[in-house]
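Asker: Sharing start-v2.cif here; it has mmCIF, C-alpha atoms and all ligand atoms.
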```
data_structure
#
loop_
_atom_site.group_PDB
_atom_site.id
_atom_site.type_symbol
_atom_site.label_atom_id
_atom_site.label_comp_id
_atom_site.auth_asym_id
_atom_site.auth_seq_id
_atom_site.Cartn_x
_atom_site.Cartn_y
_atom_site.Cartn_z
ATOM 1 C CA MET O 1 -81.212 88.416 74.625
ATOM 2 C CA GLU O 2 -84.641 87.200 75.689
ATOM 3 C CA GLN O 3 -85.153 83.622 74.464
ATOM 4 C CA ARG O 4 -88.267 82.963 72.383
ATOM 5 C CA VAL O 5 -89.592 79.551 73.372
ATOM 6 C CA LEU O 6 -92.487 77.368 72.209
ATOM 7 C CA ILE O 7 -93.659 74.395 74.268
ATOM 8 C CA THR O 8 -96.293 72.054 72.894
ATOM 9 C CA GLY O 9 -98.906 70.270 75.017
ATOM 10 C CA ALA O 10 -98.335 72.797 77.795
ATOM 11 C CA GLY O 11 -101.884 73.319 79.064
ATOM 12 C CA ASP O 12 -101.095 70.937 81.934
ATOM 13 C CA GLY O 13 -98.489 68.581 83.343
ATOM 14 C CA ILE O 14 -94.852 68.495 82.285
ATOM 15 C CA GLY O 15 -95.337 71.047 79.492
ATOM 16 C CA LEU O 16 -96.738 73.621 81.897
ATOM 17 C CA GLY O 17 -93.929 72.844 84.368
ATOM 18 C CA ILE O 18 -91.364 73.478 81.621
ATOM 19 C CA ALA O 19 -93.140 76.673 80.542
ATOM 20 C CA ASP O 20 -93.072 78.027 84.114
ATOM 21 C CA GLU O 21 -89.318 77.395 84.413
ATOM 22 C CA PHE O 22 -88.626 79.257 81.150
ATOM 23 C CA LEU O 23 -90.766 82.148 82.416
ATOM 24 C CA LYS O 24 -88.697 82.262 85.612
ATOM 25 C CA ALA O 25 -85.556 82.291 83.443
ATOM 26 C CA GLY O 26 -86.869 85.446 81.736
ATOM 27 C CA ALA O 27 -87.883 83.926 78.378
ATOM 28 C CA LYS O 28 -90.756 84.955 76.126
ATOM 29 C CA VAL O 29 -92.845 81.806 76.277
ATOM 30 C CA PHE O 30 -95.470 80.541 73.826
ATOM 31 C CA ILE O 31 -97.531 77.482 74.665
ATOM 32 C CA CYS O 32 -100.079 75.380 72.839
ATOM 33 C CA ASP O 33 -102.499 72.598 73.670
ATOM 34 C CA VAL O 34 -105.252 70.789 71.804
ATOM 35 C CA ARG O 35 -107.439 71.418 74.878
ATOM 36 C CA GLY O 36 -107.690 75.191 74.620
ATOM 37 C CA GLU O 37 -110.049 75.204 77.602
ATOM 38 C CA LEU O 38 -107.051 74.576 79.880
ATOM 39 C CA PHE O 39 -105.769 78.118 79.408
ATOM 40 C CA ASP O 40 -106.821 80.267 82.345
ATOM 41 C CA GLU O 41 -106.466 84.010 82.912
ATOM 42 C CA LYS O 42 -103.140 83.626 84.719
ATOM 43 C CA MET O 43 -101.690 81.633 81.800
ATOM 44 C CA ARG O 44 -103.025 84.083 79.240
ATOM 45 C CA SER O 45 -101.424 86.999 81.064
ATOM 46 C CA SER O 46 -98.068 85.245 81.765
ATOM 47 C CA PHE O 47 -97.395 83.687 78.376
ATOM 48 C CA ALA O 48 -96.724 85.565 75.121
ATOM 49 C CA GLY O 49 -99.254 83.327 73.337
ATOM 50 C CA CYS O 50 -101.591 80.453 74.270
ATOM 51 C CA TYR O 51 -102.701 78.568 71.152
ATOM 52 C CA ARG O 52 -105.422 75.963 70.792
ATOM 53 C CA THR O 53 -103.421 73.786 68.433
ATOM 54 C CA ASP O 54 -103.525 70.126 67.456
ATOM 55 C CA VAL O 55 -99.861 69.447 66.657
ATOM 56 C CA GLY O 56 -100.969 66.667 64.305
ATOM 57 C CA SER O 57 -102.728 69.214 62.082
ATOM 58 C CA THR O 58 -100.633 71.045 59.471
ATOM 59 C CA ALA O 59 -103.196 73.865 59.342
ATOM 60 C CA ASP O 60 -103.149 74.401 63.139
ATOM 61 C CA VAL O 61 -99.348 74.284 63.347
ATOM 62 C CA THR O 62 -98.916 76.655 60.394
ATOM 63 C CA ALA O 63 -101.386 79.170 61.869
ATOM 64 C CA MET O 64 -99.588 79.067 65.231
ATOM 65 C CA PHE O 65 -96.155 79.643 63.676
ATOM 66 C CA ASP O 66 -97.527 82.458 61.491
ATOM 67 C CA ASP O 67 -98.737 84.206 64.631
ATOM 68 C CA ILE O 68 -95.434 83.650 66.481
ATOM 69 C CA ARG O 69 -93.547 84.958 63.449
ATOM 70 C CA ALA O 70 -95.743 88.086 63.420
ATOM 71 C CA LYS O 71 -95.184 88.655 67.143
ATOM 72 C CA VAL O 72 -91.460 87.943 67.642
ATOM 73 C CA ASP O 73 -90.018 87.229 64.196
ATOM 74 C CA GLY O 74 -88.240 84.001 65.119
ATOM 75 C CA LEU O 75 -87.851 81.188 67.597
ATOM 76 C CA ASP O 76 -84.873 80.095 69.704
ATOM 77 C CA VAL O 77 -86.212 77.036 71.493
ATOM 78 C CA LEU O 78 -88.771 74.422 70.472
ATOM 79 C CA ILE O 79 -89.907 71.847 72.995
ATOM 80 C CA ASN O 80 -91.957 69.012 71.579
ATOM 81 C CA ASN O 81 -93.698 67.799 74.697
ATOM 82 C CA VAL O 82 -97.002 66.428 73.358
ATOM 83 C CA GLY O 83 -97.343 62.722 74.038
ATOM 84 C CA VAL O 84 -100.496 60.648 74.318
ATOM 85 C CA ALA O 85 -100.472 57.308 76.116
ATOM 86 C CA GLY O 86 -102.025 55.355 73.237
ATOM 87 C CA PRO O 87 -103.719 51.991 73.692
ATOM 88 C CA HIS O 88 -102.965 49.586 76.555
ATOM 89 C CA ALA O 89 -103.348 46.344 74.631
ATOM 90 C CA GLY O 90 -101.577 43.374 73.158
ATOM 91 C CA VAL O 91 -100.175 44.199 69.747
ATOM 92 C CA GLU O 92 -102.698 41.957 67.996
ATOM 93 C CA ASP O 93 -105.575 43.936 69.518
ATOM 94 C CA ILE O 94 -104.391 47.411 68.538
ATOM 95 C CA SER O 95 -106.507 48.972 65.812
ATOM 96 C CA LEU O 96 -104.832 50.717 62.903
ATOM 97 C CA ASP O 97 -106.724 53.889 63.873
ATOM 98 C CA ASP O 98 -105.254 53.843 67.400
ATOM 99 C CA TRP O 99 -101.798 53.086 66.021
ATOM 100 C CA ASP O 100 -102.014 55.992 63.552
ATOM 101 C CA ALA O 101 -103.478 58.437 66.093
ATOM 102 C CA THR O 102 -100.697 57.748 68.615
ATOM 103 C CA LEU O 103 -97.916 58.176 66.072
ATOM 104 C CA ARG O 104 -99.638 61.266 64.675
ATOM 105 C CA ALA O 105 -99.622 63.037 68.059
ATOM 106 C CA ASN O 106 -96.292 61.787 69.427
ATOM 107 C CA LEU O 107 -94.113 61.712 66.310
ATOM 108 C CA THR O 108 -95.733 63.511 63.374
ATOM 109 C CA GLY O 109 -96.685 66.403 65.675
ATOM 110 C CA ALA O 110 -93.020 66.902 66.581
ATOM 111 C CA PHE O 111 -92.049 66.680 62.897
ATOM 112 C CA LEU O 112 -94.604 69.327 61.862
ATOM 113 C CA CYS O 113 -93.391 71.774 64.531
ATOM 114 C CA ILE O 114 -89.719 71.115 63.750
ATOM 115 C CA LYS O 115 -90.399 71.699 60.045
ATOM 116 C CA GLN O 116 -91.730 75.169 60.881
ATOM 117 C CA ALA O 117 -89.089 76.073 63.478
ATOM 118 C CA VAL O 118 -85.925 74.993 61.661
ATOM 119 C CA PRO O 119 -85.908 77.696 58.946
ATOM 120 C CA TYR O 120 -85.939 80.388 61.681
ATOM 121 C CA MET O 121 -83.174 78.647 63.597
ATOM 122 C CA LYS O 122 -81.036 78.057 60.497
ATOM 123 C CA SER O 123 -81.250 81.709 59.497
ATOM 124 C CA GLN O 124 -80.220 82.771 63.029
ATOM 125 C CA LYS O 125 -77.465 80.118 63.122
ATOM 126 C CA ARG O 126 -78.610 79.072 66.574
ATOM 127 C CA GLY O 127 -81.429 77.228 68.265
ATOM 128 C CA SER O 128 -82.368 74.363 70.539
ATOM 129 C CA ILE O 129 -84.813 71.569 69.919
ATOM 130 C CA ILE O 130 -85.795 69.434 72.888
ATOM 131 C CA ASN O 131 -88.029 66.424 72.407
ATOM 132 C CA ILE O 132 -89.766 64.816 75.355
ATOM 133 C CA SER O 133 -89.394 61.047 75.185
ATOM 134 C CA SER O 134 -89.883 58.710 78.158
ATOM 135 C CA VAL O 135 -87.896 56.411 80.395
ATOM 136 C CA GLY O 136 -90.296 53.858 78.900
ATOM 137 C CA THR O 137 -87.816 53.494 76.027
ATOM 138 C CA GLN O 138 -85.458 51.959 78.596
ATOM 139 C CA THR O 139 -87.959 49.897 80.579
ATOM 140 C CA LEU O 140 -90.291 48.987 77.678
ATOM 141 C CA PRO O 141 -93.522 48.331 79.587
ATOM 142 C CA PRO O 142 -95.579 45.546 77.937
ATOM 143 C CA MET O 143 -98.952 46.295 76.298
ATOM 144 C CA ARG O 144 -97.662 49.749 75.341
ATOM 145 C CA SER O 145 -96.040 48.898 72.020
ATOM 146 C CA VAL O 146 -97.311 51.951 70.112
ATOM 147 C CA TYR O 147 -96.262 54.377 72.849
ATOM 148 C CA ASN O 148 -92.836 52.737 73.228
ATOM 149 C CA THR O 149 -92.357 52.730 69.454
ATOM 150 C CA SER O 150 -93.380 56.381 69.136
ATOM 151 C CA LYS O 151 -90.877 57.404 71.805
ATOM 152 C CA TRP O 152 -88.058 55.373 70.219
ATOM 153 C CA ALA O 153 -88.908 57.154 66.973
ATOM 154 C CA VAL O 154 -88.757 60.508 68.783
ATOM 155 C CA GLU O 155 -85.275 59.583 70.011
ATOM 156 C CA GLY O 156 -84.280 58.524 66.479
ATOM 157 C CA LEU O 157 -85.528 61.831 65.128
ATOM 158 C CA THR O 158 -83.562 63.645 67.849
ATOM 159 C CA LYS O 159 -80.308 61.917 66.914
ATOM 160 C CA SER O 160 -80.851 62.372 63.152
ATOM 161 C CA LEU O 161 -81.530 66.071 63.564
ATOM 162 C CA ALA O 162 -78.625 66.622 65.944
ATOM 163 C CA ARG O 163 -76.389 65.439 63.125
ATOM 164 C CA GLU O 164 -78.191 67.350 60.379
ATOM 165 C CA LEU O 165 -78.622 70.647 62.228
ATOM 166 C CA GLY O 166 -75.364 70.789 64.192
ATOM 167 C CA PRO O 167 -73.598 72.675 61.369
ATOM 168 C CA PHE O 168 -76.196 75.440 61.799
ATOM 169 C CA GLY O 169 -75.513 75.895 65.513
ATOM 170 C CA ILE O 170 -78.714 74.074 66.464
ATOM 171 C CA ASN O 171 -78.560 71.455 69.211
ATOM 172 C CA CYS O 172 -81.164 68.726 69.513
ATOM 173 C CA ASN O 173 -81.617 66.582 72.601
ATOM 174 C CA ALA O 174 -84.290 64.510 74.285
ATOM 175 C CA ILE O 175 -85.395 64.387 77.904
ATOM 176 C CA LEU O 176 -86.696 61.081 79.249
ATOM 177 C CA PRO O 177 -88.995 61.733 82.215
ATOM 178 C CA GLY O 178 -89.589 59.020 84.784
ATOM 179 C CA ILE O 179 -92.797 58.414 86.711
ATOM 180 C CA MET O 180 -94.248 61.866 87.290
ATOM 181 C CA ASN O 181 -96.147 63.469 90.118
ATOM 182 C CA ASN O 182 -98.793 64.979 87.837
ATOM 183 C CA ASN O 183 -102.489 64.671 86.988
ATOM 184 C CA ARG O 184 -101.890 62.204 84.169
ATOM 185 C CA MET O 185 -99.908 59.753 86.319
ATOM 186 C CA ARG O 186 -102.257 60.196 89.271
ATOM 187 C CA SER O 187 -105.292 59.315 87.162
ATOM 188 C CA ILE O 188 -103.500 56.237 85.741
ATOM 189 C CA MET O 189 -102.671 55.050 89.276
ATOM 190 C CA GLU O 190 -106.187 55.783 90.554
ATOM 191 C CA ARG O 191 -107.700 53.826 87.660
ATOM 192 C CA ARG O 192 -105.439 50.857 88.411
ATOM 193 C CA SER O 193 -106.205 51.090 92.103
ATOM 194 C CA ARG O 194 -109.978 50.874 91.410
ATOM 195 C CA HIS O 195 -109.596 48.202 88.765
ATOM 196 C CA GLU O 196 -107.325 45.942 90.829
ATOM 197 C CA ASN O 197 -108.999 46.845 94.119
ATOM 198 C CA ARG O 198 -105.623 47.685 95.659
ATOM 199 C CA ASP O 199 -104.354 50.530 97.773
ATOM 200 C CA LEU O 200 -103.104 53.579 95.863
ATOM 201 C CA ASP O 201 -99.783 53.450 97.767
ATOM 202 C CA ASP O 202 -99.291 49.845 96.650
ATOM 203 C CA ILE O 203 -99.833 50.840 93.032
ATOM 204 C CA ALA O 204 -97.364 53.743 93.368
ATOM 205 C CA ALA O 205 -94.829 51.343 94.933
ATOM 206 C CA ASP O 206 -95.209 49.069 91.858
ATOM 207 C CA TYR O 207 -94.271 51.967 89.605
ATOM 208 C CA LEU O 208 -91.354 53.058 91.784
ATOM 209 C CA LYS O 209 -89.922 49.589 92.349
ATOM 210 C CA TYR O 210 -87.200 50.103 89.740
ATOM 211 C CA SER O 211 -86.350 53.684 90.664
ATOM 212 C CA ALA O 212 -83.064 54.033 92.569
ATOM 213 C CA MET O 213 -84.377 57.149 94.288
ATOM 214 C CA GLY O 214 -87.807 55.650 94.843
ATOM 215 C CA ARG O 215 -89.796 58.824 94.341
ATOM 216 C CA LEU O 216 -92.057 60.474 91.825
ATOM 217 C CA ILE O 217 -90.529 63.224 89.661
ATOM 218 C CA GLU O 218 -91.891 66.774 89.897
ATOM 219 C CA VAL O 219 -92.756 68.609 86.657
ATOM 220 C CA GLN O 220 -90.371 71.452 87.602
ATOM 221 C CA GLU O 221 -87.475 68.982 87.480
ATOM 222 C CA ILE O 222 -88.107 68.417 83.762
ATOM 223 C CA GLY O 223 -88.221 72.215 83.424
ATOM 224 C CA TYR O 224 -84.776 72.622 85.041
ATOM 225 C CA ALA O 225 -83.290 70.132 82.572
ATOM 226 C CA ALA O 226 -84.961 71.837 79.596
ATOM 227 C CA VAL O 227 -83.797 75.329 80.612
ATOM 228 C CA PHE O 228 -80.257 73.971 80.930
ATOM 229 C CA LEU O 229 -80.300 72.177 77.543
ATOM 230 C CA ALA O 230 -81.467 75.406 75.883
ATOM 231 C CA SER O 231 -78.816 77.524 77.622
ATOM 232 C CA GLN O 232 -75.411 78.738 76.416
ATOM 233 C CA GLY O 233 -73.846 76.333 78.918
ATOM 234 C CA ALA O 234 -75.244 73.427 76.878
ATOM 235 C CA ARG O 235 -74.314 74.730 73.422
ATOM 236 C CA SER O 236 -71.953 71.799 72.792
ATOM 237 C CA ILE O 237 -74.398 69.214 74.108
ATOM 238 C CA THR O 238 -76.348 67.603 71.309
ATOM 239 C CA SER O 239 -77.744 64.183 70.380
ATOM 240 C CA GLN O 240 -78.130 63.276 74.066
ATOM 241 C CA MET O 241 -80.920 61.382 75.800
ATOM 242 C CA LEU O 242 -81.135 62.855 79.298
ATOM 243 C CA SER O 243 -83.134 60.737 81.751
ATOM 244 C CA VAL O 244 -84.728 62.641 84.612
ATOM 245 C CA CYS O 245 -86.154 59.593 86.304
ATOM 246 C CA GLY O 246 -84.462 59.049 89.661
ATOM 247 C CA GLY O 247 -82.337 56.270 88.131
ATOM 248 C CA THR O 248 -85.018 53.946 86.770
ATOM 249 C CA GLN O 249 -84.026 50.614 85.230
ATOM 250 C CA TYR O 250 -85.293 47.077 85.282
ATOM 251 C CA GLU O 251 -83.183 44.705 87.281
ATOM 252 C CA ASP O 252 -84.831 41.427 86.292
HETATM 253 N N1 LIG H 301 -96.568 61.463 83.127
HETATM 254 C C1 LIG H 301 -95.547 60.664 83.091
HETATM 255 O O1 LIG H 301 -95.304 59.919 84.055
HETATM 256 C C2 LIG H 301 -94.606 60.670 81.886
HETATM 257 C C3 LIG H 301 -93.501 59.813 81.952
HETATM 258 C C4 LIG H 301 -92.623 59.791 80.872
HETATM 259 C C5 LIG H 301 -92.837 60.601 79.769
HETATM 260 N N2 LIG H 301 -93.921 61.416 79.731
HETATM 261 C C6 LIG H 301 -94.079 62.248 78.524
HETATM 262 O O2 LIG H 301 -94.057 63.605 78.896
HETATM 263 C C7 LIG H 301 -94.892 64.375 77.993
HETATM 264 C C8 LIG H 301 -95.923 65.150 78.794
HETATM 265 O O3 LIG H 301 -96.659 64.234 79.587
HETATM 266 P P1 LIG H 301 -97.642 64.693 80.760
HETATM 267 O O4 LIG H 301 -97.575 63.642 81.793
HETATM 268 O O5 LIG H 301 -97.401 66.086 81.119
HETATM 269 O O6 LIG H 301 -99.028 64.528 79.976
HETATM 270 P P2 LIG H 301 -100.379 65.377 80.096
HETATM 271 O O7 LIG H 301 -101.420 64.516 79.486
HETATM 272 O O8 LIG H 301 -100.558 65.892 81.489
HETATM 273 O O9 LIG H 301 -100.058 66.644 79.173
HETATM 274 C C9 LIG H 301 -99.938 66.529 77.791
HETATM 275 C C10 LIG H 301 -100.734 67.653 77.157
HETATM 276 O O10 LIG H 301 -100.665 67.471 75.737
HETATM 277 C C11 LIG H 301 -101.923 67.819 75.209
HETATM 278 N N3 LIG H 301 -102.099 67.172 73.909
HETATM 279 C C12 LIG H 301 -102.400 65.876 73.653
HETATM 280 N N4 LIG H 301 -102.468 65.677 72.317
HETATM 281 C C13 LIG H 301 -102.192 66.876 71.731
HETATM 282 C C14 LIG H 301 -102.118 67.316 70.384
HETATM 283 N N5 LIG H 301 -102.353 66.470 69.363
HETATM 284 N N6 LIG H 301 -101.809 68.614 70.140
HETATM 285 C C15 LIG H 301 -101.578 69.487 71.161
HETATM 286 N N7 LIG H 301 -101.658 69.119 72.472
HETATM 287 C C16 LIG H 301 -101.955 67.822 72.739
HETATM 288 C C17 LIG H 301 -102.945 67.350 76.235
HETATM 289 O O11 LIG H 301 -104.178 68.042 76.099
HETATM 290 C C18 LIG H 301 -102.218 67.633 77.550
HETATM 291 O O12 LIG H 301 -102.594 68.883 78.109
HETATM 292 C C19 LIG H 301 -95.507 63.364 77.032
HETATM 293 O O13 LIG H 301 -94.736 63.332 75.855
HETATM 294 C C20 LIG H 301 -95.401 62.051 77.805
HETATM 295 O O14 LIG H 301 -95.367 60.952 76.930
HETATM 296 C C21 LIG H 301 -94.814 61.468 80.763
#
```
Using structure tokens, write down the structure from this file.
Answerer:
Amino acid sequence: MEQRVLITGAGDGIGLGIADEFLKAGAKVFICDVRGELFDEKMRSSFAGCYRTDVGSTADVTAMFDDIRAKVDGLDVLINNVGVAGPHAGVEDISLDDWDATLRANLTGAFLCIKQAVPYMKSQKRGSIINISSVGTQTLPPMRSVYNTSKWAVEGLTKSLARELGPFGINCNAILPGIMNNNRMRSIMERRSRHENRDLDDIAADYLKYSAMGRLIEVQEIGYAAVFLASQGARSITSQMLSVCGGTQYED
């Protein structure tokens, strides 16, 4: 049966890479993004629905799920991909507003979508939830305490739900991407290169220093992992944190 899949934050980057892999696998794919202007004609004709949705807004998320329910009467796979970088600052300099906004997008957004998706999945007695965390939970880059915390919380939510939803045939896993070859990572590196007046290759080498494979990860590679975790072949795999990061870990 054709899988019905929703991917959040899929107007660009990893989310779009995941969405394309599910399309290739023959799924009916719904995507959303807070930047509705990212949806072009090709996306609108390929995907079953492109929603301008802020996942931190109950009203937006409810409206999106109402529309999906009207179109396909259920959901098999939910991928919570939205993640904002949050402030780069020492903990004492982070404003409460920035703290709240980061957790709202990265954690509460996943919660609001899960809350809507789970009743469908429970009634079907099957489903897959995949949350996109980050290899940052392993390497814990300094000055990123809100982001790191939000992703640890996403992993905690993943493990809690794996336990709670397993009896209903629903698996719940997280994927931890490494340093990506996408617009977001490129603009971070370019900003650092200008700011530190250093060569872009030098900056990239800094990021890849702890990667065993020493290369950036392509968005499709996160898609391959997601398609697998949502497949029949992965039906007994739950509560797992799958790093797709070329073997990244700090050695000092
Ligand atoms: N880029 C990396 O190197 C990297 C590494 C590890 C983990 N990740 C994680 O992977 C996920 C995707 O990252 P990416 O690099 O593709 O980022 P991205 O910024 O390219 O894409 C994220 C998308 O989410 C959308 N978005 C932001 N807030 C939203 C909201 N409240 N509601 C709906 N959409 C919203 C953005 O408009 C954007 O299109 C994130 O969770 C990120 O933390 C990224």
Asker: Just checking: using only C-alpha atoms and all ligand atoms, which residue out of O:Tyr210, O:Tyr147, O:Phe47, O:Tyr120 ends up closest to ligand LIG 301 (chain H)?
Answerer: O:Tyr147
Asker: When the PyMOL selection byres (((chain O and resi 214-218) around 12) and not hetatm) is applied to the structure above, which residues does it catch, written out as a PyMOL selection string?
Answerer: chain O and resi 13-18+135+176-183+185-186+201+204-213+219-225+243-249
Asker: Which residues fall under the PyMOL selection byres (((chain O and resi 49-52) around 6) and not hetatm) in this file, as a ChimeraX atom specification?
Answerer: /O:30-34,36,47-48,53
Asker: Using C-alpha atoms, can you export the residues from the last selection as a PDB file, in the coordinates of the input?
Answerer:
```pdb
ATOM      1  CA  PHE O  30     -95.470  80.541  73.826  1.00  0.00           C
ATOM      2  CA  ILE O  31     -97.531  77.482  74.665  1.00  0.00           C
ATOM      3  CA  CYS O  32    -100.079  75.380  72.839  1.00  0.00           C
ATOM      4  CA  ASP O  33    -102.499  72.598  73.670  1.00  0.00           C
ATOM      5  CA  VAL O  34    -105.252  70.789  71.804  1.00  0.00           C
ATOM      6  CA  GLY O  36    -107.690  75.191  74.620  1.00  0.00           C
ATOM      7  CA  PHE O  47     -97.395  83.687  78.376  1.00  0.00           C
ATOM      8  CA  ALA O  48     -96.724  85.565  75.121  1.00  0.00           C
ATOM      9  CA  THR O  53    -103.421  73.786  68.433  1.00  0.00           C
TER      10      THR O  53
END
```
Asker: Which residue out of O:Val82, O:Leu107, O:Val118, O:Leu165 has the minimum interatomic distance to ligand LIG 301 (chain H) when only C-alpha atoms and all ligand atoms are used?
Answerer: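 Ranked by minimum distance to ligand LIG 301 (chain H), first place goes to O:Val82.
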Asker: Which residues, named as in the file, does the PyMOL selection byres (((chain O and resi 77) around 8) and not hetatm) pick out? Answer as a PyMOL selection string.
Answerer: chain O and resi 3-6+75-76+78-79+127-130+230
Asker: Find the residues around region 61-70 of chain O up to 7 Å (only C-alpha atoms counted), leave out those fewer than 4 positions away in its own chain, and share them as a list in words.
Answerer: Tyr51, Thr53, Val55, Ser57, Gly74, Cys113 and Gln116 of chain O
Asker: What separation in Å, quoted to one decimal, exists between CA of Thr58 (chain O) and CA of Ala105 (chain O)?
Answerer: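 Computing it gives 11.8 Å between the two atoms.
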Asker: Output, as JSON, the centre and edge lengths in Å (one decimal) of the axis-aligned box that contains all listed atoms of ligand LIG 301 (chain H) with 4 Å of margin on each side.
Answerer:
```
{"center_x": -98.4, "center_y": 64.6, "center_z": 76.7, "size_x": 19.6, "size_y": 17.7, "size_z": 22.7}
```
Asker: Check the smallest atom-to-atom distance from each of O:Ala110, O:Met241, O:Val146, O:Leu38 to Pro87 (chain O) using only C-alpha atoms, then report the winner.
Answerer: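 Smallest separation from Pro87 (chain O) among the options: O:Val146.
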Asker: Calculated over all atoms listed in the file, which of the candidates O:Arg104, O:Lys122, O:Lys24, O:Arg44 has the smallest distance to Gly83 (chain O)?
Answerer: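 Distance minimum relative to Gly83 (chain O) lands on O:Arg104.
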Asker: Using all atoms listed in the file, find the one residue out of O:Ile170, O:Ile188, O:Gly26, O:Leu112 that sits nearest to His88 (chain O).
Answerer: O:Ile188
Asker: Work out how far apart CA of Thr149 (chain O) and CA of Ser134 (chain O) are and give it in Å to one decimal.
Answerer: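 One can read the CA of Thr149 (chain O) to CA of Ser134 (chain O) distance as 10.8 Å.
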Asker: Around the point (-82.6, 60.1, 70.8) (coordinates from the file), which residues reach within 12 Å if we count only C-alpha atoms? Answer as a ChimeraX atom specification.
Answerer: /O:129-135,137-138,150-163,172-176,238-243
Asker: Quick one: write out the picked residues with C-alpha atoms as a short mmCIF file (atom, residue, chain, number, x, y, z; two decimals), in the frame of the given file?
Answerer:
```
data_model
loop_
_atom_site.label_atom_id
_atom_site.label_comp_id
_atom_site.auth_asym_id
_atom_site.auth_seq_id
_atom_site.Cartn_x
_atom_site.Cartn_y
_atom_site.Cartn_z
CA ILE O 129 -84.81 71.57 69.92
CA ILE O 130 -85.80 69.43 72.89
CA ASN O 131 -88.03 66.42 72.41
CA ILE O 132 -89.77 64.82 75.36
CA SER O 133 -89.39 61.05 75.18
CA SER O 134 -89.88 58.71 78.16
CA VAL O 135 -87.90 56.41 80.40
CA THR O 137 -87.82 53.49 76.03
CA GLN O 138 -85.46 51.96 78.60
CA SER O 150 -93.38 56.38 69.14
CA LYS O 151 -90.88 57.40 71.81
CA TRP O 152 -88.06 55.37 70.22
CA ALA O 153 -88.91 57.15 66.97
CA VAL O 154 -88.76 60.51 68.78
CA GLU O 155 -85.28 59.58 70.01
CA GLY O 156 -84.28 58.52 66.48
CA LEU O 157 -85.53 61.83 65.13
CA THR O 158 -83.56 63.64 67.85
CA LYS O 159 -80.31 61.92 66.91
CA SER O 160 -80.85 62.37 63.15
CA LEU O 161 -81.53 66.07 63.56
CA ALA O 162 -78.62 66.62 65.94
CA ARG O 163 -76.39 65.44 63.12
CA CYS O 172 -81.16 68.73 69.51
CA ASN O 173 -81.62 66.58 72.60
CA ALA O 174 -84.29 64.51 74.28
CA ILE O 175 -85.40 64.39 77.90
CA LEU O 176 -86.70 61.08 79.25
CA THR O 238 -76.35 67.60 71.31
CA SER O 239 -77.74 64.18 70.38
CA GLN O 240 -78.13 63.28 74.07
CA MET O 241 -80.92 61.38 75.80
CA LEU O 242 -81.14 62.86 79.30
CA SER O 243 -83.13 60.74 81.75
#
```
Asker: One number please: atom C14 of ligand LIG 301 (chain H) to CA of Arg184 (chain O), in Å, one decimal.
Answerer: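 The value is 14.7 Å.
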Asker: Out of O:Arg235, O:Arg126, O:Arg35, O:Arg194, which residue has the shortest atom-to-atom distance to ligand LIG 301 (chain H) when counting only C-alpha atoms and all ligand atoms?
Answerer: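 Among the listed residues, O:Arg35 lies closest to ligand LIG 301 (chain H).
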